[in-house]
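Here's protein.txt, which has compact mmCIF, C-alpha atoms:
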```
# COMPACT_ATOMS: atom_id res chain seq x y z
CA MET A 1 -4.12 22.64 -29.69
CA GLU A 2 -3.93 19.64 -27.42
CA THR A 3 -6.46 16.94 -28.14
CA GLU A 4 -8.12 14.92 -25.39
CA PRO A 5 -7.23 11.22 -25.52
CA THR A 6 -10.08 8.97 -26.63
CA PRO A 7 -11.79 7.49 -23.58
CA ILE A 8 -10.84 3.85 -23.07
CA SER A 9 -12.29 1.69 -20.34
CA GLU A 10 -10.08 0.62 -17.45
CA GLU A 11 -10.65 -2.97 -18.57
CA ALA A 12 -9.37 -2.30 -22.10
CA LEU A 13 -6.34 -0.45 -20.75
CA ALA A 14 -5.49 -3.33 -18.42
CA LEU A 15 -5.74 -5.79 -21.32
CA ARG A 16 -3.32 -3.62 -23.30
CA VAL A 17 -0.93 -3.52 -20.34
CA GLN A 18 -0.94 -7.32 -20.42
CA LYS A 19 0.43 -7.08 -23.95
CA GLY A 20 3.25 -4.84 -22.72
CA ASP A 21 1.75 -1.46 -23.73
CA ARG A 22 3.50 1.15 -21.56
CA GLU A 23 1.30 3.99 -22.73
CA ALA A 24 -1.77 2.03 -21.59
CA PHE A 25 -0.17 1.61 -18.17
CA ASN A 26 0.43 5.37 -17.96
CA ARG A 27 -3.21 6.05 -18.75
CA LEU A 28 -4.43 3.36 -16.41
CA VAL A 29 -2.59 5.03 -13.55
CA GLN A 30 -3.37 8.63 -14.44
CA GLU A 31 -7.08 8.10 -15.03
CA HIS A 32 -7.95 5.67 -12.24
CA VAL A 33 -5.50 6.07 -9.38
CA GLY A 34 -7.89 8.26 -7.34
CA ARG A 35 -10.42 5.62 -6.45
CA TYR A 36 -7.79 3.16 -5.21
CA PHE A 37 -6.11 5.87 -3.21
CA ARG A 38 -9.43 6.72 -1.54
CA ILE A 39 -10.15 3.17 -0.41
CA ALA A 40 -6.58 2.78 0.88
CA ARG A 41 -6.79 6.14 2.64
CA ARG A 42 -10.10 5.18 4.21
CA ILE A 43 -8.84 1.84 5.51
CA LEU A 44 -5.48 3.12 6.71
CA GLY A 45 -6.45 6.60 7.84
CA ASP A 46 -3.14 7.95 6.59
CA SER A 47 -2.43 9.53 3.20
CA GLY A 48 1.27 8.68 3.07
CA GLU A 49 0.69 5.00 3.74
CA ALA A 50 -2.20 4.95 1.29
CA GLU A 51 0.06 6.40 -1.43
CA ASP A 52 2.67 3.70 -0.76
CA ILE A 53 0.08 0.93 -0.91
CA VAL A 54 -1.42 2.15 -4.18
CA GLN A 55 2.04 2.46 -5.71
CA THR A 56 2.91 -1.07 -4.60
CA ALA A 57 -0.33 -2.41 -6.07
CA TYR A 58 0.27 -0.75 -9.46
CA LEU A 59 3.88 -1.92 -9.58
CA LYS A 60 2.76 -5.46 -8.80
CA PHE A 61 0.37 -5.30 -11.74
CA TRP A 62 3.01 -3.77 -14.00
CA GLN A 63 5.51 -6.49 -13.14
CA ALA A 64 3.06 -9.38 -13.37
CA PRO A 65 0.02 -8.22 -15.36
CA SER A 66 -1.11 -11.79 -16.01
CA LYS A 67 -2.12 -12.05 -12.34
CA TRP A 68 -5.40 -10.47 -13.40
CA ASN A 69 -7.23 -13.04 -15.49
CA ALA A 70 -10.17 -11.51 -17.33
CA ASP A 71 -11.35 -14.98 -18.30
CA LEU A 72 -12.19 -15.77 -14.67
CA GLY A 73 -14.98 -13.20 -14.83
CA TRP A 74 -13.45 -10.58 -12.53
CA LYS A 75 -13.67 -6.97 -13.67
CA PHE A 76 -10.26 -5.34 -13.51
CA SER A 77 -11.44 -2.76 -10.97
CA THR A 78 -12.91 -5.44 -8.69
CA TRP A 79 -9.72 -7.45 -8.83
CA PHE A 80 -7.52 -4.39 -8.29
CA TYR A 81 -9.62 -3.12 -5.38
CA ARG A 82 -9.07 -6.50 -3.80
CA VAL A 83 -5.31 -6.24 -4.31
CA VAL A 84 -5.32 -2.80 -2.66
CA VAL A 85 -7.61 -3.84 0.21
CA ASN A 86 -5.50 -6.91 0.96
CA LEU A 87 -2.30 -4.85 0.97
CA CYS A 88 -3.94 -2.39 3.36
CA LEU A 89 -5.11 -5.15 5.69
CA ASP A 90 -1.64 -6.72 5.67
CA LEU A 91 -0.13 -3.37 6.58
CA LYS A 92 -2.66 -2.87 9.36
CA ARG A 93 -1.90 -6.30 10.76
CA ARG A 94 1.80 -5.44 10.81
CA ARG A 95 1.06 -2.02 12.25
CA ARG A 96 -0.97 -3.51 15.10
CA GLU A 97 2.27 -4.90 16.46
CA THR A 98 3.69 -1.35 16.70
CA PRO A 99 0.67 0.98 17.07
CA THR A 100 1.08 4.64 16.17
CA GLU A 101 -1.44 7.42 16.55
CA ALA A 102 -1.84 9.46 13.38
CA PRO A 103 -3.68 12.75 13.70
CA PRO A 104 -6.82 12.97 11.57
CA GLU A 105 -6.25 14.85 8.34
CA THR A 106 -8.51 17.70 7.28
CA SER A 107 -8.49 19.76 4.15
CA ALA A 108 -10.85 22.64 4.85
CA GLU A 109 -9.29 26.06 4.84
CA ALA A 110 -9.17 27.85 8.15
CA GLY A 111 -10.41 31.41 8.32
CA THR A 112 -14.07 32.22 7.83
CA GLU A 113 -16.75 31.04 10.26
CA ASP A 114 -18.29 28.81 7.58
CA ALA A 115 -14.94 27.24 6.90
CA LEU A 116 -14.45 26.58 10.61
CA ILE A 117 -17.88 24.96 10.91
CA HIS A 118 -17.20 22.90 7.81
CA ARG A 119 -13.83 21.88 9.17
CA GLU A 120 -15.28 20.87 12.50
CA ARG A 121 -18.03 18.80 10.86
CA GLN A 122 -15.52 17.10 8.65
CA ARG A 123 -13.21 16.38 11.56
CA ARG A 124 -16.08 14.76 13.46
CA LEU A 125 -17.12 12.73 10.43
CA VAL A 126 -13.59 11.48 9.90
CA ALA A 127 -13.41 10.51 13.57
CA TRP A 128 -16.74 8.64 13.38
CA LEU A 129 -15.70 6.86 10.21
CA GLU A 130 -12.45 5.85 11.82
CA GLU A 131 -14.28 4.54 14.88
CA LEU A 132 -16.05 2.02 12.68
CA PRO A 133 -14.58 -1.49 12.64
CA GLU A 134 -12.23 -1.88 9.71
CA ARG A 135 -14.47 -4.20 7.66
CA GLN A 136 -17.52 -1.98 8.10
CA ARG A 137 -15.47 0.98 6.94
CA SER A 138 -14.22 -0.90 3.89
CA ALA A 139 -17.75 -2.01 2.98
CA LEU A 140 -19.04 1.55 3.29
CA GLN A 141 -16.17 2.95 1.25
CA LEU A 142 -16.62 0.47 -1.58
CA CYS A 143 -20.40 0.68 -1.80
CA PHE A 144 -21.10 4.29 -0.90
CA TYR A 145 -18.00 6.24 -1.84
CA GLU A 146 -16.81 4.17 -4.78
CA GLY A 147 -20.23 3.13 -6.06
CA LEU A 148 -19.55 -0.61 -6.32
CA SER A 149 -22.54 -2.90 -6.27
CA ASN A 150 -23.02 -5.05 -3.17
CA GLU A 151 -21.93 -8.10 -5.21
CA GLU A 152 -18.72 -6.43 -6.41
CA ALA A 153 -17.86 -5.20 -2.91
CA ALA A 154 -18.44 -8.71 -1.52
CA GLN A 155 -16.07 -10.07 -4.18
CA VAL A 156 -13.44 -7.45 -3.32
CA MET A 157 -13.61 -8.27 0.36
CA GLY A 158 -13.82 -12.02 -0.16
CA LEU A 159 -17.19 -12.23 1.62
CA LYS A 160 -20.57 -13.73 0.97
CA LEU A 161 -23.13 -11.17 -0.19
CA LYS A 162 -25.17 -11.45 3.01
CA ALA A 163 -22.08 -10.85 5.15
CA LEU A 164 -21.20 -7.76 3.16
CA GLN A 165 -24.75 -6.44 3.42
CA SER A 166 -24.73 -7.00 7.15
CA LEU A 167 -21.49 -4.98 7.49
CA LEU A 168 -22.92 -2.22 5.36
CA MET A 169 -26.14 -1.97 7.33
CA ARG A 170 -24.35 -1.88 10.67
CA ALA A 171 -21.91 0.76 9.42
CA LYS A 172 -24.66 3.01 8.15
CA ALA A 173 -26.83 2.55 11.23
CA GLN A 174 -23.97 3.59 13.53
CA LEU A 175 -22.98 6.54 11.42
CA ARG A 176 -26.50 7.71 10.77
CA GLU A 177 -27.20 7.85 14.44
CA LYS A 178 -24.17 10.02 15.09
CA VAL A 179 -24.50 12.26 12.05
CA LEU A 180 -28.19 12.93 12.55
CA ALA A 181 -27.82 13.41 16.30
CA ALA A 182 -25.12 15.99 15.69
CA SER A 183 -27.31 17.83 13.22
CA GLY A 184 -30.23 17.79 15.68
CA GLU A 185 -32.29 15.13 13.91
CA LYS A 186 -33.45 11.83 15.28
CA ALA A 187 -32.50 8.71 13.39
CA SER A 188 -35.48 6.51 12.51
CA MET B 1 -43.25 -1.75 1.06
CA LYS B 2 -42.93 -1.43 4.82
CA PRO B 3 -40.71 1.34 6.28
CA LYS B 4 -38.35 -1.25 7.83
CA VAL B 5 -37.74 -2.94 4.48
CA PHE B 6 -37.43 0.45 2.78
CA GLN B 7 -34.79 1.53 5.31
CA GLU B 8 -32.88 -1.71 4.78
CA CYS B 9 -32.84 -1.06 1.05
CA LEU B 10 -31.63 2.49 1.69
CA ASP B 11 -28.78 1.07 3.75
CA LEU B 12 -27.87 -1.49 1.12
CA TYR B 13 -28.31 0.44 -2.11
CA GLY B 14 -28.30 4.10 -1.05
CA ALA B 15 -30.63 7.03 -1.66
CA ASP B 16 -30.27 6.90 -5.44
CA LEU B 17 -33.12 4.60 -6.45
CA GLU B 18 -31.48 4.02 -9.83
CA ARG B 19 -28.92 1.83 -8.07
CA TRP B 20 -31.54 -0.41 -6.52
CA PRO B 21 -32.37 -3.82 -8.00
CA ALA B 22 -35.17 -3.38 -10.56
CA ASP B 23 -37.84 -5.24 -8.62
CA ARG B 24 -37.13 -3.36 -5.39
CA ARG B 25 -37.00 -0.06 -7.24
CA SER B 26 -40.42 -0.37 -8.84
CA GLU B 27 -41.90 -1.54 -5.55
CA ALA B 28 -40.31 1.42 -3.72
CA GLN B 29 -41.38 3.96 -6.33
CA ALA B 30 -44.97 2.84 -6.02
CA ALA B 31 -44.78 2.89 -2.21
CA LEU B 32 -43.24 6.38 -2.16
CA HIS B 33 -46.33 7.82 -3.84
CA GLU B 34 -48.43 6.40 -1.04
CA SER B 35 -46.36 6.88 2.10
CA GLU B 36 -45.26 10.08 3.80
CA ASP B 37 -43.05 8.00 6.12
CA LEU B 38 -41.09 6.54 3.24
CA ARG B 39 -40.60 9.99 1.67
CA ARG B 40 -39.27 11.24 5.01
CA LEU B 41 -36.86 8.30 5.26
CA LEU B 42 -35.62 8.92 1.73
CA GLU B 43 -35.08 12.61 2.46
CA GLN B 44 -33.24 11.77 5.67
CA GLU B 45 -31.00 9.31 3.81
CA ARG B 46 -30.18 11.97 1.20
CA ARG B 47 -29.11 14.42 3.90
CA PHE B 48 -27.08 11.74 5.60
CA GLU B 49 -25.32 10.80 2.38
CA ALA B 50 -24.64 14.45 1.60
CA GLN B 51 -22.90 14.72 4.95
CA LEU B 52 -20.91 11.56 4.36
CA ALA B 53 -19.88 12.82 0.92
CA GLN B 54 -18.09 15.75 2.56
CA ASP B 55 -15.34 13.38 3.56
CA LEU B 56 -13.97 12.31 0.22
CA PRO B 57 -10.19 12.39 0.46
CA ALA B 58 -8.62 14.19 -2.49
CA THR B 59 -6.00 12.31 -4.49
CA PRO B 60 -2.53 13.79 -3.91
CA PRO B 61 -1.57 15.60 -7.13
CA GLY B 62 1.81 13.93 -7.61
CA LEU B 63 0.69 10.36 -6.91
CA ALA B 64 0.23 9.18 -10.52
CA GLN B 65 3.60 10.66 -11.52
CA SER B 66 5.45 9.02 -8.67
CA ILE B 67 3.91 5.63 -9.54
CA LEU B 68 4.92 6.04 -13.19
CA ALA B 69 8.44 7.08 -12.18
CA ALA B 70 8.74 4.01 -9.94
CA ALA B 71 7.44 1.82 -12.78
CA ALA B 72 10.07 3.31 -15.13
CA VAL B 73 12.80 2.47 -12.61
CA THR B 74 11.40 -1.06 -12.33
CA ARG B 75 11.49 -1.31 -16.13
CA GLN B 76 15.11 -0.13 -16.24
CA GLU B 77 16.07 -2.53 -13.46
CA SER B 78 14.48 -5.48 -15.21
CA ALA B 79 16.10 -4.45 -18.51
CA ALA B 80 19.47 -4.25 -16.73
CA ARG B 81 18.85 -7.63 -15.09
CA GLU B 82 17.97 -9.10 -18.48
CA ALA B 83 21.11 -7.62 -20.06
CA GLN B 84 23.23 -8.96 -17.21
CA ALA B 85 21.64 -12.34 -17.49
CA ALA B 86 21.98 -12.50 -21.30
CA PRO B 87 25.48 -14.11 -21.62
CA LEU B 88 24.62 -16.63 -18.91
CA ALA B 89 21.32 -17.34 -20.62
CA ARG B 90 23.12 -17.88 -23.94
CA PHE B 91 25.52 -20.29 -22.25
CA ARG B 92 22.63 -22.13 -20.60
CA GLU B 93 20.89 -22.24 -23.96
CA PHE B 94 24.06 -23.68 -25.46
CA LEU B 95 24.16 -26.37 -22.78
CA ARG B 96 20.49 -27.18 -23.06
CA PRO B 97 19.88 -30.54 -24.75
CA LYS B 98 18.60 -30.21 -28.30
CA PRO B 99 16.64 -33.35 -29.31
CA ALA B 100 17.04 -32.92 -33.07
CA LEU B 101 20.80 -32.46 -32.77
CA ILE B 102 21.11 -35.42 -30.44
CA LEU B 103 19.11 -37.59 -32.85
CA ALA B 104 21.24 -36.48 -35.79
CA GLY B 105 24.39 -37.13 -33.75
CA LEU B 106 23.20 -40.61 -32.77
CA LEU B 107 22.33 -41.39 -36.38
CA ALA B 108 25.77 -40.21 -37.54
CA LEU B 109 27.44 -42.22 -34.78
CA GLY B 110 25.39 -45.28 -35.73
CA PHE B 111 26.33 -44.84 -39.35
CA LEU B 112 30.04 -44.47 -38.49
CA LEU B 113 29.97 -47.49 -36.18
CA GLY B 114 28.17 -49.49 -38.85
CA ALA B 115 30.70 -48.44 -41.47
CA PHE B 116 33.56 -49.20 -39.08
CA GLU B 117 32.15 -52.63 -38.26
CA ALA B 118 31.62 -53.43 -41.92
CA GLU B 119 35.18 -52.36 -42.68
CA ARG B 120 36.49 -54.45 -39.78
CA GLY B 121 34.43 -57.40 -40.99
CA ARG B 122 35.93 -57.09 -44.47
CA THR B 123 39.46 -56.79 -43.07
CA ALA B 124 38.95 -59.78 -40.79
CA ALA B 125 37.60 -61.88 -43.66
CA ALA B 126 40.54 -60.94 -45.83
CA THR B 127 42.95 -61.77 -43.01
CA ASP B 128 41.24 -65.10 -42.41
CA LEU B 129 41.44 -65.96 -46.10
CA ALA B 130 45.08 -64.95 -46.20
CA SER B 131 45.87 -67.00 -43.10
CA LEU B 132 43.97 -69.92 -44.53
CA TYR B 133 45.91 -69.56 -47.74
CA ASN B 134 49.23 -69.27 -45.89
CA HIS B 135 48.38 -72.16 -43.65
CA GLY B 136 47.24 -74.23 -46.65
CA GLU B 137 50.40 -73.41 -48.57
CA ALA B 138 52.59 -74.35 -45.61
CA SER B 139 50.88 -77.63 -45.10
CA TRP B 140 51.00 -78.33 -48.80
CA THR B 141 54.75 -77.55 -48.82
CA SER B 142 55.33 -79.70 -45.80
CA ASP B 143 53.31 -82.48 -47.38
CA LEU B 144 55.50 -82.22 -50.44
CA ASN B 145 58.70 -82.25 -48.39
CA SER B 146 57.60 -85.23 -46.45
CA SER B 147 56.77 -87.21 -49.56
CA TYR B 148 60.14 -86.67 -51.07
```
As structure tokens - that is how I would like this structure written.
Amino acid sequence: METEPTPISEEALALRVQKGDREAFNRLVQEHVGRYFRIARRILGDSGEAEDIVQTAYLKFWQAPSKWNADLGWKFSTWFYRVVVNLCLDLKRRRRETPTEAPPETSAEAGTEDALIHRERQRRLVAWLEELPERQRSALQLCFYEGLSNEEAAQVMGLKLKALQSLLMRAKAQLREKVLAASGEKAS
Amino acid sequence: MKPKVFQECLDLYGADLERWPADRRSEAQAALHESEDLRRLLEQERRFEAQLAQDLPATPPGLAQSILAAAAVTRQESAAREAQAAPLARFREFLRPKPALILAGLLALGFLLGAFEAERGRTAAATDLASLYNHGEASWTSDLNSSY
């Protein structure tokens, strides 16, 4: 019978990677890659590019693990989110020079009426999220989807807390208006 | 708590009151008992968040494996680079100045020079004495010859 590995925090795994522990690196990737992929996917709007960015970020850490300095008071996840976000923003800056239109991705199965409605709602939501300015989208992703505190998200984005909160409020106000209008409610 | 402030907190911390700062949370919990408006805002925020949560991109199944494979290649490349660099590194290490060795070498050189100088001094003194003796003998002989 296969036994489940003992849960180890992302922080502890990253510290072990700094000592050259390959197994810790494997676990760090396998157990935590999803959240970094999601933020990259949200910022870039493209799964393939998001995969490349997350891979680059992990390889950077593997090759130079001392770049994360726990003594400076940064949680590993906060520091690593920042690495991923900065890589995404760099890519977007480069991409702006040669713009390409990627079709929005959806995952709902076609077929039943419910699935079609779900798919349509999701498509609209993706479109609205992608209409948000990049920094508002990042703030929303970090705080709402990834559950970071406002302080952590501000650290990731290199902003003052008030600036982050302002982005977050504007993002939610815009989205709320659209989401509730589409579902026949009136935003307060 | 006024509805405007409550809505701002909903925007900043979300519909899960557990994630709110403690002081705001207790203030909001008390206000929720009192205000129908606040309860409506909270309910609206929950529905909104439920809609947003529908768009949570799934992680591609092979992503972790491809990262680990790339890391393994990186490891092999750096191991190969290290192996390639090893003879050069050994040579560089050989050329690198070693203070203790240099000090020992200087001491040995100093000792040898000292010994050499001492030996030369002794030889010179002996030569001087011999030349003095020879010179003395010659002059003595010539003195003798001249007196006879």
> If we count all atoms listed in the file, what is near Val17 in chain A at a cut-off of 10 Å, once residues fewer than 5 positions away on the same chain are taken out, given as a PyMOL selection string?
Replying inline: chain A and resi 11-12+22-28+61-62+64-66
Enclose range 77-85 of chain A, meaning all of its atoms listed in the file, in a box aligned along x, y and z, pad it by 4 Å on each side, and list the centre and edge lengths in Å to one decimal, as JSON.
```
{"center_x": -9.1, "center_y": -5.1, "center_z": -5.4, "size_x": 15.6, "size_y": 12.7, "size_z": 19.2}
```
> What is the distance between CA of Leu17 in chain B and CA of Val5 in chain B, in Å to one decimal?
Replying inline: 14.1 Å
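Considering all atoms listed in the file, the residue among B:Leu68, B:Leu42, B:Ala31, B:Phe6 positioned nearest to chain A is B:Leu68.
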>> Give me the residues near Tyr81 in chain A as a ChimeraX atom specification, where near means some atom within 8 Å (using only C-alpha atoms) and where sequence neighbours in that chain fewer than 4 positions away do not count.
In response: /A:36,77,85,156
> So, counting only C-alpha atoms, which residue among B:Gln51, B:Pro3, B:Arg19, B:Pro99 is closest to His118 in chain A?
Replying inline: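 The shortest atom-to-atom distance to His118 in chain A comes from B:Gln51.
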>> Just want the 12 Å neighbourhood of Arg82 in chain A, counted on all atoms listed in the file, with same-chain residues fewer than 2 positions away dropped. Output as a ChimeraX atom specification.
In response: /A:36,39-40,54,57,68,74-80,84-89,138-139,142,152-159
>> Could you work out which residues of chain A fall inside 8 Å of chain B? Count all atoms listed in the file, and format the result as a PyMOL selection string.
In response: chain A and resi 26+29-30+33-34+37-38+41+51+55+58-59+62+122+125-126+143-145+149-150+165+168-169+172-173+176+179-180+188
>> My list of candidates is B:Met1, B:Ala124, B:Glu93, B:Ala118. Which is closest to Asp23 in chain B when distances are computed with only C-alpha atoms?
In response: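 Ranked by minimum distance to Asp23 in chain B, first place goes to B:Met1.
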>> Could you check the closest approach to Lys92 in chain A for each of A:Asp71, A:Glu120, A:Asp52, A:Glu134 and tell me which residue wins, using only C-alpha atoms?
In response: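 Once distances to Lys92 in chain A are computed over only C-alpha atoms, the minimum belongs to A:Glu134.
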